[in-house]
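Student: For reference, this is target_21.cif, and it has mmCIF, C-alpha atoms and all ligand atoms.
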data_protein
loop_
_atom_site.group_PDB
_atom_site.id
_atom_site.type_symbol
_atom_site.label_atom_id
_atom_site.label_comp_id
_atom_site.auth_asym_id
_atom_site.auth_seq_id
_atom_site.Cartn_x
_atom_site.Cartn_y
_atom_site.Cartn_z
ATOM 1 C CA MET A 273 -20.731 121.476 129.878
ATOM 2 C CA PHE A 274 -23.260 124.292 129.518
ATOM 3 C CA THR A 275 -25.059 125.942 126.619
ATOM 4 C CA ASP A 276 -25.710 129.667 126.356
ATOM 5 C CA THR A 277 -29.186 129.637 124.781
ATOM 6 C CA HIS A 278 -29.331 133.375 124.191
ATOM 7 C CA CYS A 279 -26.558 135.776 123.253
ATOM 8 C CA HIS A 280 -25.835 138.478 120.702
ATOM 9 C CA LEU A 281 -22.277 137.899 119.582
ATOM 10 C CA TYR A 282 -21.899 140.427 116.777
ATOM 11 C CA LYS A 283 -19.014 142.603 115.632
ATOM 12 C CA GLU A 284 -21.038 145.642 116.743
ATOM 13 C CA TYR A 285 -20.461 144.590 120.369
ATOM 14 C CA TYR A 286 -17.302 142.491 120.118
ATOM 15 C CA ASP A 287 -14.313 143.533 118.026
ATOM 16 C CA ASP A 288 -12.483 140.490 119.391
ATOM 17 C CA LEU A 289 -14.894 137.726 118.328
ATOM 18 C CA ASP A 290 -12.219 135.168 117.379
ATOM 19 C CA GLU A 291 -10.498 135.531 120.752
ATOM 20 C CA LEU A 292 -13.804 135.513 122.555
ATOM 21 C CA ILE A 293 -14.910 132.261 120.889
ATOM 22 C CA THR A 294 -11.603 130.674 121.918
ATOM 23 C CA LYS A 295 -12.183 131.874 125.495
ATOM 24 C CA ILE A 296 -15.722 130.425 125.438
ATOM 25 C CA LYS A 297 -14.488 127.082 124.080
ATOM 26 C CA ASN A 298 -11.907 126.914 126.881
ATOM 27 C CA SER A 299 -14.598 127.493 129.500
ATOM 28 C CA SER A 300 -17.375 125.117 130.552
ATOM 29 C CA VAL A 301 -19.588 126.419 127.756
ATOM 30 C CA ASN A 302 -19.498 124.235 124.674
ATOM 31 C CA ARG A 303 -22.438 125.652 122.710
ATOM 32 C CA VAL A 304 -24.019 129.049 122.161
ATOM 33 C CA ILE A 305 -27.187 130.067 120.331
ATOM 34 C CA ASN A 306 -26.508 133.423 118.726
ATOM 35 C CA ASN A 307 -29.724 135.442 118.309
ATOM 36 C CA GLY A 308 -30.279 137.888 115.479
ATOM 37 C CA CYS A 309 -32.702 140.788 115.848
ATOM 38 C CA ASP A 310 -32.776 142.578 112.500
ATOM 39 C CA ARG A 311 -31.656 142.085 108.916
ATOM 40 C CA LYS A 312 -28.026 142.996 109.555
ATOM 41 C CA SER A 313 -27.550 140.839 112.646
ATOM 42 C CA ASN A 314 -29.418 137.926 111.048
ATOM 43 C CA GLU A 315 -26.977 137.977 108.146
ATOM 44 C CA GLU A 316 -24.080 138.073 110.579
ATOM 45 C CA VAL A 317 -25.485 135.158 112.586
ATOM 46 C CA LEU A 318 -25.827 133.113 109.381
ATOM 47 C CA SER A 319 -22.194 133.661 108.457
ATOM 48 C CA LEU A 320 -20.822 133.194 112.002
ATOM 49 C CA ILE A 321 -22.503 129.811 112.500
ATOM 50 C CA GLU A 322 -20.679 128.567 109.424
ATOM 51 C CA LYS A 323 -17.397 129.763 110.868
ATOM 52 C CA TYR A 324 -17.675 128.572 114.469
ATOM 53 C CA ASP A 325 -18.472 124.935 115.315
ATOM 54 C CA CYS A 326 -19.804 125.765 118.758
ATOM 55 C CA MET A 327 -22.265 128.358 117.477
ATOM 56 C CA TYR A 328 -25.885 127.796 116.466
ATOM 57 C CA GLY A 329 -28.216 130.482 115.197
ATOM 58 C CA ALA A 330 -31.646 131.965 115.715
ATOM 59 C CA ILE A 331 -32.878 134.504 113.184
ATOM 60 C CA GLY A 332 -35.766 136.898 113.609
ATOM 61 C CA ILE A 333 -36.943 140.493 113.806
ATOM 62 C CA HIS A 334 -36.986 141.947 117.319
ATOM 63 C CA PRO A 335 -39.961 144.149 118.285
ATOM 64 C CA GLU A 336 -37.627 147.136 118.638
ATOM 65 C CA SER A 337 -37.082 146.892 114.868
ATOM 66 C CA VAL A 338 -40.800 146.981 114.104
ATOM 67 C CA ASP A 339 -40.646 150.462 112.548
ATOM 68 C CA THR A 340 -37.628 149.822 110.355
ATOM 69 C CA TYR A 341 -37.919 146.244 109.108
ATOM 70 C CA LYS A 342 -39.034 145.426 105.564
ATOM 71 C CA GLU A 343 -41.226 142.617 104.232
ATOM 72 C CA GLU A 344 -38.205 141.185 102.407
ATOM 73 C CA ASP A 345 -36.444 140.720 105.769
ATOM 74 C CA LEU A 346 -39.153 138.200 106.663
ATOM 75 C CA LYS A 347 -38.740 136.516 103.273
ATOM 76 C CA ASP A 348 -35.021 136.183 104.048
ATOM 77 C CA ILE A 349 -35.808 134.511 107.354
ATOM 78 C CA GLU A 350 -38.028 132.021 105.537
ATOM 79 C CA LYS A 351 -35.321 131.439 102.947
ATOM 80 C CA HIS A 352 -32.760 130.510 105.609
ATOM 81 C CA ILE A 353 -35.019 128.855 108.126
ATOM 82 C CA ASN A 354 -33.867 125.366 107.239
ATOM 83 C CA ASP A 355 -30.190 126.241 106.861
ATOM 84 C CA ASN A 356 -27.773 124.006 108.704
ATOM 85 C CA LYS A 357 -27.434 125.087 112.369
ATOM 86 C CA VAL A 358 -30.361 127.532 112.292
ATOM 87 C CA VAL A 359 -32.218 126.143 115.287
ATOM 88 C CA ALA A 360 -34.968 128.707 115.998
ATOM 89 C CA ILE A 361 -36.792 131.866 115.049
ATOM 90 C CA GLY A 362 -35.679 134.560 117.444
ATOM 91 C CA GLU A 363 -35.388 136.971 118.947
ATOM 92 C CA ILE A 364 -39.044 137.882 118.397
ATOM 93 C CA GLY A 365 -41.852 139.139 120.607
ATOM 94 C CA LEU A 366 -43.457 142.187 122.148
ATOM 95 C CA ASP A 367 -41.950 145.125 124.025
ATOM 96 C CA TYR A 368 -44.150 147.876 125.465
ATOM 97 C CA HIS A 369 -41.426 149.378 127.626
ATOM 98 C CA TYR A 370 -41.115 152.465 125.425
ATOM 99 C CA GLY A 371 -44.856 152.767 124.835
ATOM 100 C CA LYS A 372 -47.745 151.025 123.175
ATOM 101 C CA GLU A 373 -48.204 153.292 120.143
ATOM 102 C CA ASN A 374 -47.030 150.575 117.786
ATOM 103 C CA ARG A 375 -48.672 147.714 119.662
ATOM 104 C CA LEU A 376 -50.698 146.468 116.680
ATOM 105 C CA LYS A 377 -47.687 146.650 114.386
ATOM 106 C CA GLN A 378 -45.643 144.676 116.924
ATOM 107 C CA ILE A 379 -48.367 142.047 117.191
ATOM 108 C CA ASP A 380 -48.529 141.762 113.413
ATOM 109 C CA LEU A 381 -44.750 141.270 113.136
ATOM 110 C CA PHE A 382 -44.748 138.760 115.994
ATOM 111 C CA GLU A 383 -47.598 136.759 114.473
ATOM 112 C CA LYS A 384 -46.034 136.678 111.009
ATOM 113 C CA GLN A 385 -42.950 135.066 112.546
ATOM 114 C CA LEU A 386 -44.980 132.675 114.674
ATOM 115 C CA GLN A 387 -46.758 131.570 111.507
ATOM 116 C CA LEU A 388 -43.370 130.833 109.953
ATOM 117 C CA ALA A 389 -42.353 128.866 113.026
ATOM 118 C CA GLU A 390 -45.516 126.806 112.853
ATOM 119 C CA LYS A 391 -45.206 126.255 109.111
ATOM 120 C CA TYR A 392 -41.625 124.982 109.379
ATOM 121 C CA ASN A 393 -41.998 123.374 112.780
ATOM 122 C CA LYS A 394 -39.276 125.519 114.353
ATOM 123 C CA PRO A 395 -39.078 126.616 117.991
ATOM 124 C CA VAL A 396 -39.161 130.319 118.862
ATOM 125 C CA ILE A 397 -37.128 132.462 121.259
ATOM 126 C CA VAL A 398 -39.523 135.008 122.724
ATOM 127 C CA HIS A 399 -38.795 138.459 124.102
ATOM 128 C CA SER A 400 -41.680 139.817 126.193
ATOM 129 C CA ARG A 401 -41.268 143.038 128.137
ATOM 130 C CA GLU A 402 -44.233 144.622 129.921
ATOM 131 C CA ALA A 403 -46.418 142.652 127.512
ATOM 132 C CA THR A 404 -47.232 139.417 129.337
ATOM 133 C CA LEU A 405 -50.986 139.300 128.664
ATOM 134 C CA ASP A 406 -50.669 139.909 124.924
ATOM 135 C CA THR A 407 -47.762 137.472 124.666
ATOM 136 C CA ILE A 408 -49.757 134.696 126.303
ATOM 137 C CA GLU A 409 -52.922 135.372 124.251
ATOM 138 C CA ILE A 410 -50.960 135.325 121.006
ATOM 139 C CA LEU A 411 -48.774 132.300 121.744
ATOM 140 C CA LYS A 412 -51.911 130.334 122.660
ATOM 141 C CA LYS A 413 -53.042 130.520 119.038
ATOM 142 C CA TYR A 414 -50.054 128.587 117.711
ATOM 143 C CA LYS A 415 -48.794 125.052 118.023
ATOM 144 C CA ILE A 416 -45.206 125.882 118.770
ATOM 145 C CA LYS A 417 -42.624 125.421 121.478
ATOM 146 C CA GLY A 418 -39.679 127.485 122.528
ATOM 147 C CA VAL A 419 -38.030 129.612 125.173
ATOM 148 C CA ILE A 420 -39.425 132.620 127.035
ATOM 149 C CA HIS A 421 -36.157 134.483 127.050
ATOM 150 C CA SER A 422 -35.025 136.556 130.063
ATOM 151 C CA PHE A 423 -38.001 135.409 132.079
ATOM 152 C CA SER A 424 -38.569 137.532 135.176
ATOM 153 C CA GLY A 425 -42.320 137.186 135.764
ATOM 154 C CA SER A 426 -44.330 135.706 138.589
ATOM 155 C CA TYR A 427 -44.656 132.029 139.470
ATOM 156 C CA GLU A 428 -48.224 132.087 138.104
ATOM 157 C CA THR A 429 -47.050 133.463 134.761
ATOM 158 C CA ALA A 430 -44.254 130.882 134.682
ATOM 159 C CA CYS A 431 -46.810 128.102 135.117
ATOM 160 C CA ILE A 432 -48.900 129.387 132.196
ATOM 161 C CA TYR A 433 -45.905 129.390 129.860
ATOM 162 C CA LEU A 434 -44.774 125.967 131.047
ATOM 163 C CA LYS A 435 -48.218 124.510 130.446
ATOM 164 C CA MET A 436 -48.068 125.848 126.896
ATOM 165 C CA GLY A 437 -44.870 123.872 126.261
ATOM 166 C CA PHE A 438 -42.329 126.634 126.749
ATOM 167 C CA VAL A 439 -39.267 126.653 128.965
ATOM 168 C CA LEU A 440 -37.941 129.737 130.740
ATOM 169 C CA GLY A 441 -34.612 131.349 129.903
ATOM 170 C CA ILE A 442 -32.878 132.449 133.098
ATOM 171 C CA ASN A 443 -29.920 134.846 132.980
ATOM 172 C CA GLY A 444 -27.815 137.131 135.167
ATOM 173 C CA VAL A 445 -30.902 139.027 136.354
ATOM 174 C CA ILE A 446 -31.351 136.286 138.956
ATOM 175 C CA THR A 447 -28.167 137.472 140.701
ATOM 176 C CA PHE A 448 -29.367 141.089 140.982
ATOM 177 C CA LYS A 449 -30.353 142.445 144.393
ATOM 178 C CA ASN A 450 -34.050 142.694 145.289
ATOM 179 C CA CYS A 451 -34.959 140.381 142.452
ATOM 180 C CA ASN A 452 -38.131 138.361 142.859
ATOM 181 C CA LEU A 453 -36.922 135.852 140.277
ATOM 182 C CA LYS A 454 -34.923 134.002 142.964
ATOM 183 C CA GLU A 455 -38.130 133.028 144.769
ATOM 184 C CA VAL A 456 -39.796 131.985 141.516
ATOM 185 C CA VAL A 457 -36.877 129.804 140.401
ATOM 186 C CA LYS A 458 -36.737 128.190 143.848
ATOM 187 C CA LYS A 459 -40.272 126.930 143.261
ATOM 188 C CA LEU A 460 -39.673 125.761 139.690
ATOM 189 C CA SER A 461 -38.354 122.368 138.644
ATOM 190 C CA LEU A 462 -34.988 122.061 136.886
ATOM 191 C CA LYS A 463 -37.038 120.718 133.968
ATOM 192 C CA ASP A 464 -38.517 124.190 133.462
ATOM 193 C CA ILE A 465 -35.431 126.285 132.782
ATOM 194 C CA VAL A 466 -32.583 126.843 130.370
ATOM 195 C CA LEU A 467 -29.581 129.095 130.955
ATOM 196 C CA GLU A 468 -28.660 132.164 128.950
ATOM 197 C CA THR A 469 -26.506 135.274 129.241
ATOM 198 C CA ASP A 470 -28.236 137.737 126.841
ATOM 199 C CA SER A 471 -24.722 139.065 126.335
ATOM 200 C CA PRO A 472 -23.525 141.735 125.856
ATOM 201 C CA TYR A 473 -26.247 142.830 128.318
ATOM 202 C CA LEU A 474 -27.254 141.741 131.843
ATOM 203 C CA THR A 475 -23.879 140.699 133.244
ATOM 204 C CA PRO A 476 -24.410 138.871 136.553
ATOM 205 C CA MET A 477 -23.291 140.221 139.910
ATOM 206 C CA PRO A 478 -20.677 141.167 140.984
ATOM 207 C CA ASP A 479 -19.715 142.257 137.452
ATOM 208 C CA ARG A 480 -23.038 143.946 136.626
ATOM 209 C CA GLY A 481 -22.410 146.831 134.207
ATOM 210 C CA LYS A 482 -19.367 145.241 132.541
ATOM 211 C CA ARG A 483 -19.586 143.668 129.115
ATOM 212 C CA ASN A 484 -21.207 140.243 129.281
ATOM 213 C CA ASP A 485 -20.192 137.155 127.317
ATOM 214 C CA SER A 486 -21.140 133.471 127.219
ATOM 215 C CA THR A 487 -18.497 132.417 129.761
ATOM 216 C CA TYR A 488 -20.666 134.076 132.449
ATOM 217 C CA ILE A 489 -23.060 131.128 132.058
ATOM 218 C CA VAL A 490 -20.900 129.420 134.673
ATOM 219 C CA VAL A 491 -21.516 132.229 137.190
ATOM 220 C CA ILE A 492 -25.271 132.037 136.546
ATOM 221 C CA ALA A 493 -25.210 128.229 136.794
ATOM 222 C CA GLU A 494 -23.323 128.316 140.103
ATOM 223 C CA TYR A 495 -25.806 130.812 141.484
ATOM 224 C CA ILE A 496 -28.803 128.665 140.480
ATOM 225 C CA ALA A 497 -27.182 125.422 141.662
ATOM 226 C CA ASN A 498 -26.689 127.065 145.047
ATOM 227 C CA LEU A 499 -30.222 128.405 145.149
ATOM 228 C CA LYS A 500 -31.698 125.018 144.223
ATOM 229 C CA ASN A 501 -29.215 123.082 146.337
ATOM 230 C CA VAL A 502 -28.161 120.800 143.487
ATOM 231 C CA ALA A 503 -24.764 119.873 142.066
ATOM 232 C CA LEU A 504 -23.484 121.829 139.081
ATOM 233 C CA ASP A 505 -23.334 118.587 137.062
ATOM 234 C CA GLU A 506 -26.970 117.882 137.714
ATOM 235 C CA LEU A 507 -27.955 121.391 136.644
ATOM 236 C CA ALA A 508 -25.928 120.990 133.431
ATOM 237 C CA MET A 509 -27.488 117.614 132.694
ATOM 238 C CA GLU A 510 -31.063 118.778 133.319
ATOM 239 C CA THR A 511 -30.792 122.036 131.375
ATOM 240 C CA ASN A 512 -29.076 120.299 128.450
ATOM 241 C CA GLY A 513 -31.941 117.795 128.470
ATOM 242 C CA ASN A 514 -34.426 120.676 128.286
ATOM 243 C CA ILE A 515 -32.542 122.138 125.343
ATOM 244 C CA LYS A 516 -32.772 118.811 123.524
ATOM 245 C CA LYS A 517 -36.535 118.789 123.956
ATOM 246 C CA ILE A 518 -36.906 122.232 122.385
ATOM 247 C CA PHE A 519 -34.110 122.549 119.833
ATOM 248 C CA ASP A 520 -32.766 120.226 117.184
ATOM 249 C CA ILE A 521 -29.139 120.502 118.352
HETATM 250 NI NI NI B 601 -31.638 139.237 123.554
#
Could you write out this file's structure as structure tokens?
Ligand code: NI
Tutor:
Amino acid sequence: MFTDTHCHLYKEYYDDLDELITKIKNSSVNRVINNGCDRKSNEEVLSLIEKYDCMYGAIGIHPESVDTYKEEDLKDIEKHINDNKVVAIGEIGLDYHYGKENRLKQIDLFEKQLQLAEKYNKPVIVHSREATLDTIEILKKYKIKGVIHSFSGSYETACIYLKMGFVLGINGVITFKNCNLKEVVKKLSLKDIVLETDSPYLTPMPDRGKRNDSTYIVVIAEYIANLKNVALDELAMETNGNIKKIFDI
């Protein structure tokens, strides 16, 4: 059985959530960690994890919401941080893809949430796009563990994160053509990775472009098992072990 450590299962993307959860439960995926990214999705995550046994939650403010979030949204995260089945602060981080104008504001928001994680001893789920150096410098300041979600960096960068106590979230990107991540994952140990879909985005090949969901974990797992020349069972066992070391699930 596999766990999808990173998805966004909200009504905004899925008008068929009940059916989808049934489909996920009937697949080889028995647990999902649903990641919030702003006030609205955090609230939805908190109510969905009460409804669905197989669902755990991460709540946080994504860097793309840096210009619209309010201080009280952070207070709400703190208020719910120890709720049953809230297993992490996420999705949080830095994203310079659309520019660096709000870099300092992003860093401030990221650090405020890292401080919460440290205070409550919670792991974090980190989004870092075109911001590797800042992400590393900032994470170094905190005693926290977690997942570098949608990792697609170099082997050298992977080693830095691993040394800091993080594991790397690998998703459908690994199946894309001309993707350097294959070579990086080949060199990594199974102890270094967890599996994720980032649904509804990043559907693996050959379905790239279609709507993603947590059942695609199996496609990603088969791809990695092949690449690493290990049995699917072994991959499931190792990655579930990694999850246990990071999250209280
Ligand atoms: Ni995400």
Student: Using the chain letters and numbers from the file, give me the residues hit by the PyMOL selection byres (((chain A and resi 318) around 12) and not hetatm), as a PyMOL selection string.
Tutor: chain A and resi 281-282+305-308+311-317+319-324+327-332+348-349+351-359
Student: The PyMOL selection byres (((chain A and resi 333) around 6) and not hetatm) - which residues does that actually catch in the file I just gave you? List them as a list in words.
Tutor: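 This file, filtered by the PyMOL selection byres (((chain A and resi 333) around 6) and not hetatm), leaves Cys309, Asp310, Gly332, His334 and Ile364 of chain A.
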Student: Determine, counting all atoms listed in the file, which protein, DNA and RNA residues have an atom within 10 Å of an atom of Ile420 of chain A; residues of the same chain fewer than 4 positions away are not included. Present the result as a ChimeraX atom specification.
Tutor: /A:365,396-400,407,424,430,433-434,438-442,465-466
Student: Applying the PyMOL selection byres (((chain A and resi 456) around 9) and not hetatm) to the file I just gave you, which residues come out? Please list them as a list in words.
Tutor: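 After applying the PyMOL selection byres (((chain A and resi 456) around 9) and not hetatm), what remains is Ser424, Gly425, Ser426, Tyr427, Ala430, Asn452, Leu453, Lys454, Glu455, Val457, Lys458, Lys459 and Leu460 of chain A.
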Student: Please, what distance in Å, to one decimal, runs between atom CA of Asn298 of chain A and atom CA of Arg483 of chain A?
Tutor: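 Atom-to-atom, atom CA of Asn298 of chain A to atom CA of Arg483 of chain A, that is 18.6 Å.
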